[in-house]
Amino acid sequence: MIKTKAYAAQSATTPLAPFDIERRRPRADDVQIEILWCGVCHSDLHTARNEWKNTMYPSVPGHEIVGRVVAVGPQVGSFKVGDLAAVGCLIDSCGHCASCREGLENYCDNGWVGTYNGPSTGGENTYGGYSQTIVVKESFVLRIRHDAAQLAAVAPLLCAGITTYSPLRHWGAGPGKTVGIVGLGGLGHMGVKIARAMGAEVVLFTSSPGKVDDGLRLGAHRVCVSSDGNRMAQFAGKLDLIVDTVAASHSLDALLALLARDGTLVLVGAPENPHPSPSPFSLIFRRRQLAGSLIGGVPETQEMLDFCAEHRIVSDIETIPMDYINTAYERMLRSDVKYRFVIDMSSLR
Ligand SMILES: [Zn+2]
Ligand SMILES: [Zn+2]
């Protein structure tokens, strides 16, 4: 086994602190990555504090992992020592169900294995990216085509990027489509950048008047402050697709009213408490659809990384040392980050 320094929560109420874990020696088809940067996702905090009631302790969060390959098993063909590589939210799945065969491992019928907190159906715990090194099957390791200098800002693409890219792609964001992004946080700021690069007309909806200028800077064509009823009314029936990134319980009727006929509202935020059910009339009129989307499969995550490299898209980040993580969580809860914390893992050595 490989002794590895990490940061873990030992219970829902204890802060994260140094903790040694063990990684397996690379098997024939494994890639070992020295972790250079790890993004801080809201799911990390939800998991560390057991807010989804499924946390196994000790919990080592982190699923926005970028680094350098330091060892490969003898059957590994597409990575060699020294390559840049990334790991996102999944590290395994059944491999044979209909979803896995389509490269949609994130919807595996038999339960995929999260990079941290173990298989989605229960089972042995897994430890994430708040650590020095990780060993992952080659088929779940991603290639990075961005410049090495951008590496820290690439990390959040592995969760925030794919979570917004996948629904934008699935529901056809592009030229001639008007796309709404709701919420300007870690997910929302990636949604704005990606939807813009796909060629859509982008409208950002935010509850914060202070984020209007940033929304425009990040690529939104227009920004609507959602508490302004007159401004919201101007967009009624105008949007083809809305990606709602807000991770707090809220009314969906006001958003459904913005959709054109056959438009779709996609939920990607995971609130601690569910949203109140929308009025059926919000859906029946104009044949609107309410949908959800969960991260993305391995092929689509690679496609997203390549798309972002081609369009020079990275996340807006603030880099932090590992021992700042508990303060970073408190600041995240106050939305006091533009727009993602990324941990410099060299601070753990
Ligand atoms: Zn995440
Ligand atoms: Zn499967």
# chains A, B, ... in the order shown; residues from 1 in each chain; ligands from 1
$ residues_near_ligand --ligand "ligand 1" --cutoff "7 Å" --atoms "only C-alpha atoms and all ligand atoms" --output "VMD selection string"
chain A and resid 41 to 44 63 89 159 to 160
$ residues_near_ligand --ligand "ligand 2" --cutoff "8 Å" --atoms "only C-alpha atoms and all ligand atoms" --output "VMD selection string"
chain A and resid 93 to 101 105 107 to 112
$ write_last_selection --atoms "N, CA, C and O atoms" --output "PDB file, in the first residue's frame"
ATOM      1  N   SER A  93     -17.636   1.957 -12.247  1.00  0.00           N
ATOM      2  CA  SER A  93     -19.061   1.646 -12.406  1.00  0.00           C
ATOM      3  C   SER A  93     -19.128   0.193 -12.855  1.00  0.00           C
ATOM      4  O   SER A  93     -18.089  -0.441 -13.048  1.00  0.00           O
ATOM      5  N   CYS A  94     -20.346  -0.341 -13.046  1.00  0.00           N
ATOM      6  CA  CYS A  94     -20.463  -1.782 -13.330  1.00  0.00           C
ATOM      7  C   CYS A  94     -19.843  -2.156 -14.678  1.00  0.00           C
ATOM      8  O   CYS A  94     -19.360  -3.267 -14.846  1.00  0.00           O
ATOM      9  N   GLY A  95     -19.911  -1.231 -15.642  1.00  0.00           N
ATOM     10  CA  GLY A  95     -19.274  -1.472 -16.938  1.00  0.00           C
ATOM     11  C   GLY A  95     -20.102  -2.264 -17.927  1.00  0.00           C
ATOM     12  O   GLY A  95     -19.730  -2.347 -19.104  1.00  0.00           O
ATOM     13  N   HIS A  96     -21.235  -2.850 -17.513  1.00  0.00           N
ATOM     14  CA  HIS A  96     -21.982  -3.687 -18.453  1.00  0.00           C
ATOM     15  C   HIS A  96     -23.465  -3.329 -18.594  1.00  0.00           C
ATOM     16  O   HIS A  96     -24.138  -3.869 -19.456  1.00  0.00           O
ATOM     17  N   CYS A  97     -23.998  -2.437 -17.769  1.00  0.00           N
ATOM     18  CA  CYS A  97     -25.419  -2.081 -17.921  1.00  0.00           C
ATOM     19  C   CYS A  97     -25.581  -1.192 -19.160  1.00  0.00           C
ATOM     20  O   CYS A  97     -24.606  -0.738 -19.753  1.00  0.00           O
ATOM     21  N   ALA A  98     -26.851  -0.930 -19.526  1.00  0.00           N
ATOM     22  CA  ALA A  98     -27.115  -0.142 -20.744  1.00  0.00           C
ATOM     23  C   ALA A  98     -26.473   1.241 -20.647  1.00  0.00           C
ATOM     24  O   ALA A  98     -25.896   1.736 -21.623  1.00  0.00           O
ATOM     25  N   SER A  99     -26.545   1.865 -19.478  1.00  0.00           N
ATOM     26  CA  SER A  99     -25.970   3.207 -19.329  1.00  0.00           C
ATOM     27  C   SER A  99     -24.454   3.179 -19.459  1.00  0.00           C
ATOM     28  O   SER A  99     -23.860   4.008 -20.158  1.00  0.00           O
ATOM     29  N   CYS A 100     -23.807   2.220 -18.789  1.00  0.00           N
ATOM     30  CA  CYS A 100     -22.343   2.121 -18.890  1.00  0.00           C
ATOM     31  C   CYS A 100     -21.915   1.854 -20.338  1.00  0.00           C
ATOM     32  O   CYS A 100     -20.933   2.433 -20.800  1.00  0.00           O
ATOM     33  N   ARG A 101     -22.675   0.998 -21.044  1.00  0.00           N
ATOM     34  CA  ARG A 101     -22.297   0.690 -22.429  1.00  0.00           C
ATOM     35  C   ARG A 101     -22.397   1.921 -23.327  1.00  0.00           C
ATOM     36  O   ARG A 101     -21.720   2.007 -24.339  1.00  0.00           O
ATOM     37  N   GLU A 105     -21.718   6.390 -17.415  1.00  0.00           N
ATOM     38  CA  GLU A 105     -21.424   5.720 -16.139  1.00  0.00           C
ATOM     39  C   GLU A 105     -22.074   6.442 -14.968  1.00  0.00           C
ATOM     40  O   GLU A 105     -22.347   5.827 -13.933  1.00  0.00           O
ATOM     41  N   TYR A 107     -24.974   7.368 -14.774  1.00  0.00           N
ATOM     42  CA  TYR A 107     -26.336   6.852 -14.597  1.00  0.00           C
ATOM     43  C   TYR A 107     -26.336   5.321 -14.515  1.00  0.00           C
ATOM     44  O   TYR A 107     -27.341   4.678 -14.820  1.00  0.00           O
ATOM     45  N   CYS A 108     -25.208   4.743 -14.121  1.00  0.00           N
ATOM     46  CA  CYS A 108     -25.075   3.282 -14.027  1.00  0.00           C
ATOM     47  C   CYS A 108     -26.246   2.682 -13.243  1.00  0.00           C
ATOM     48  O   CYS A 108     -26.570   3.124 -12.144  1.00  0.00           O
ATOM     49  N   ASP A 109     -26.877   1.659 -13.834  1.00  0.00           N
ATOM     50  CA  ASP A 109     -28.032   1.015 -13.193  1.00  0.00           C
ATOM     51  C   ASP A 109     -27.637   0.298 -11.908  1.00  0.00           C
ATOM     52  O   ASP A 109     -28.487   0.046 -11.047  1.00  0.00           O
ATOM     53  N   ASN A 110     -26.376  -0.086 -11.799  1.00  0.00           N
ATOM     54  CA  ASN A 110     -25.942  -0.868 -10.641  1.00  0.00           C
ATOM     55  C   ASN A 110     -25.157  -0.036  -9.630  1.00  0.00           C
ATOM     56  O   ASN A 110     -24.584  -0.582  -8.691  1.00  0.00           O
ATOM     57  N   GLY A 111     -25.120   1.270  -9.839  1.00  0.00           N
ATOM     58  CA  GLY A 111     -24.482   2.148  -8.860  1.00  0.00           C
ATOM     59  C   GLY A 111     -23.020   2.382  -9.154  1.00  0.00           C
ATOM     60  O   GLY A 111     -22.206   1.475  -9.036  1.00  0.00           O
ATOM     61  N   TRP A 112     -22.669   3.595  -9.523  1.00  0.00           N
ATOM     62  CA  TRP A 112     -21.279   3.937  -9.778  1.00  0.00           C
ATOM     63  C   TRP A 112     -20.544   4.173  -8.464  1.00  0.00           C
ATOM     64  O   TRP A 112     -21.167   4.316  -7.411  1.00  0.00           O
TER      65      TRP A 112
END
$ select_by_dssp --residues "segment 73-226 of chain A" --states "helix (DSSP H, G or I)" --output "number ranges by chain"
A: 98-101, 105-107, 138-140, 148-158, 160-170, 186-197, 209-218
$ residues_around --residues "Lys193 of chain A" --least-positions-apart "2" --cutoff "12 Å" --atoms "only C-alpha atoms" --output "PyMOL selection string"
chain A and resi 157+160-161+164-165+168+179-181+184+186-191+195-204+214-221+307-308+311-316
$ closest_residue --among "A:Ala149, A:Val70, A:Ala9, A:Met345" --to "Asn50 of chain A" --atoms "only C-alpha atoms"
A:Ala9
$ residues_around --residues "segment 289-304 of chain A" --least-positions-apart "3" --cutoff "7 Å" --atoms "only C-alpha atoms" --output "PyMOL selection string"
chain A and resi 103-106+140+142-143+159+162-163+165-167+262-268+283+307-308
$ residues_around --residues "segment 2-5 of chain A" --least-positions-apart "6" --cutoff "10 Å" --atoms "only C-alpha atoms" --output "list of chain:residue names"
A:Pro18, A:Phe19, A:Asp20, A:Ile21, A:Glu22, A:Arg23, A:Arg24, A:Arg25, A:Pro26, A:Tyr130, A:Ser131, A:Gln132, A:Thr133, A:Ile134, A:Val135, A:Leu348, A:Arg349
$ write_last_selection --atoms "C-alpha atoms" --output "tab-separated table (two decimals), in the first residue's frame"
chain	number	residue	atom	x	y	z
A	18	PRO	CA	-4.69	15.88	8.83
A	19	PHE	CA	-5.24	12.12	8.46
A	20	ASP	CA	-3.11	9.39	6.88
A	21	ILE	CA	-4.77	7.05	4.37
A	22	GLU	CA	-3.48	4.20	2.19
A	23	ARG	CA	-3.79	3.89	-1.59
A	24	ARG	CA	-3.44	0.55	-3.36
A	25	ARG	CA	-0.31	-0.11	-5.42
A	26	PRO	CA	-1.23	0.41	-9.11
A	130	TYR	CA	-7.81	16.25	-0.43
A	131	SER	CA	-4.74	14.00	-0.48
A	132	GLN	CA	-1.26	13.67	-1.97
A	133	THR	CA	-1.91	10.93	-4.47
A	134	ILE	CA	-4.72	8.80	-5.96
A	135	VAL	CA	-4.77	5.49	-7.84
A	348	LEU	CA	0.07	19.10	2.28
A	349	ARG	CA	3.58	17.75	1.73
$ residues_around --residues "Met332 of chain A" --least-positions-apart "6" --cutoff "10 Å" --atoms "only C-alpha atoms" --output "compact mmCIF listing (two decimals) with C-alpha atoms, in the first residue's frame"
# COMPACT_ATOMS: atom_id res chain seq x y z
CA VAL A 40 -13.60 22.60 -3.45
CA CYS A 41 -17.16 21.64 -4.42
CA HIS A 42 -20.29 22.28 -2.36
CA LEU A 45 -19.08 20.30 2.44
CA GLY A 185 -21.73 30.52 -8.02
CA GLY A 186 -19.26 27.73 -8.80
CA ASN A 326 -12.43 24.87 7.24
CA LYS A 338 -15.33 34.10 -6.83
CA TYR A 339 -16.07 31.46 -7.89
CA ARG A 340 -14.26 28.37 -6.71
CA PHE A 341 -11.64 27.58 -4.10
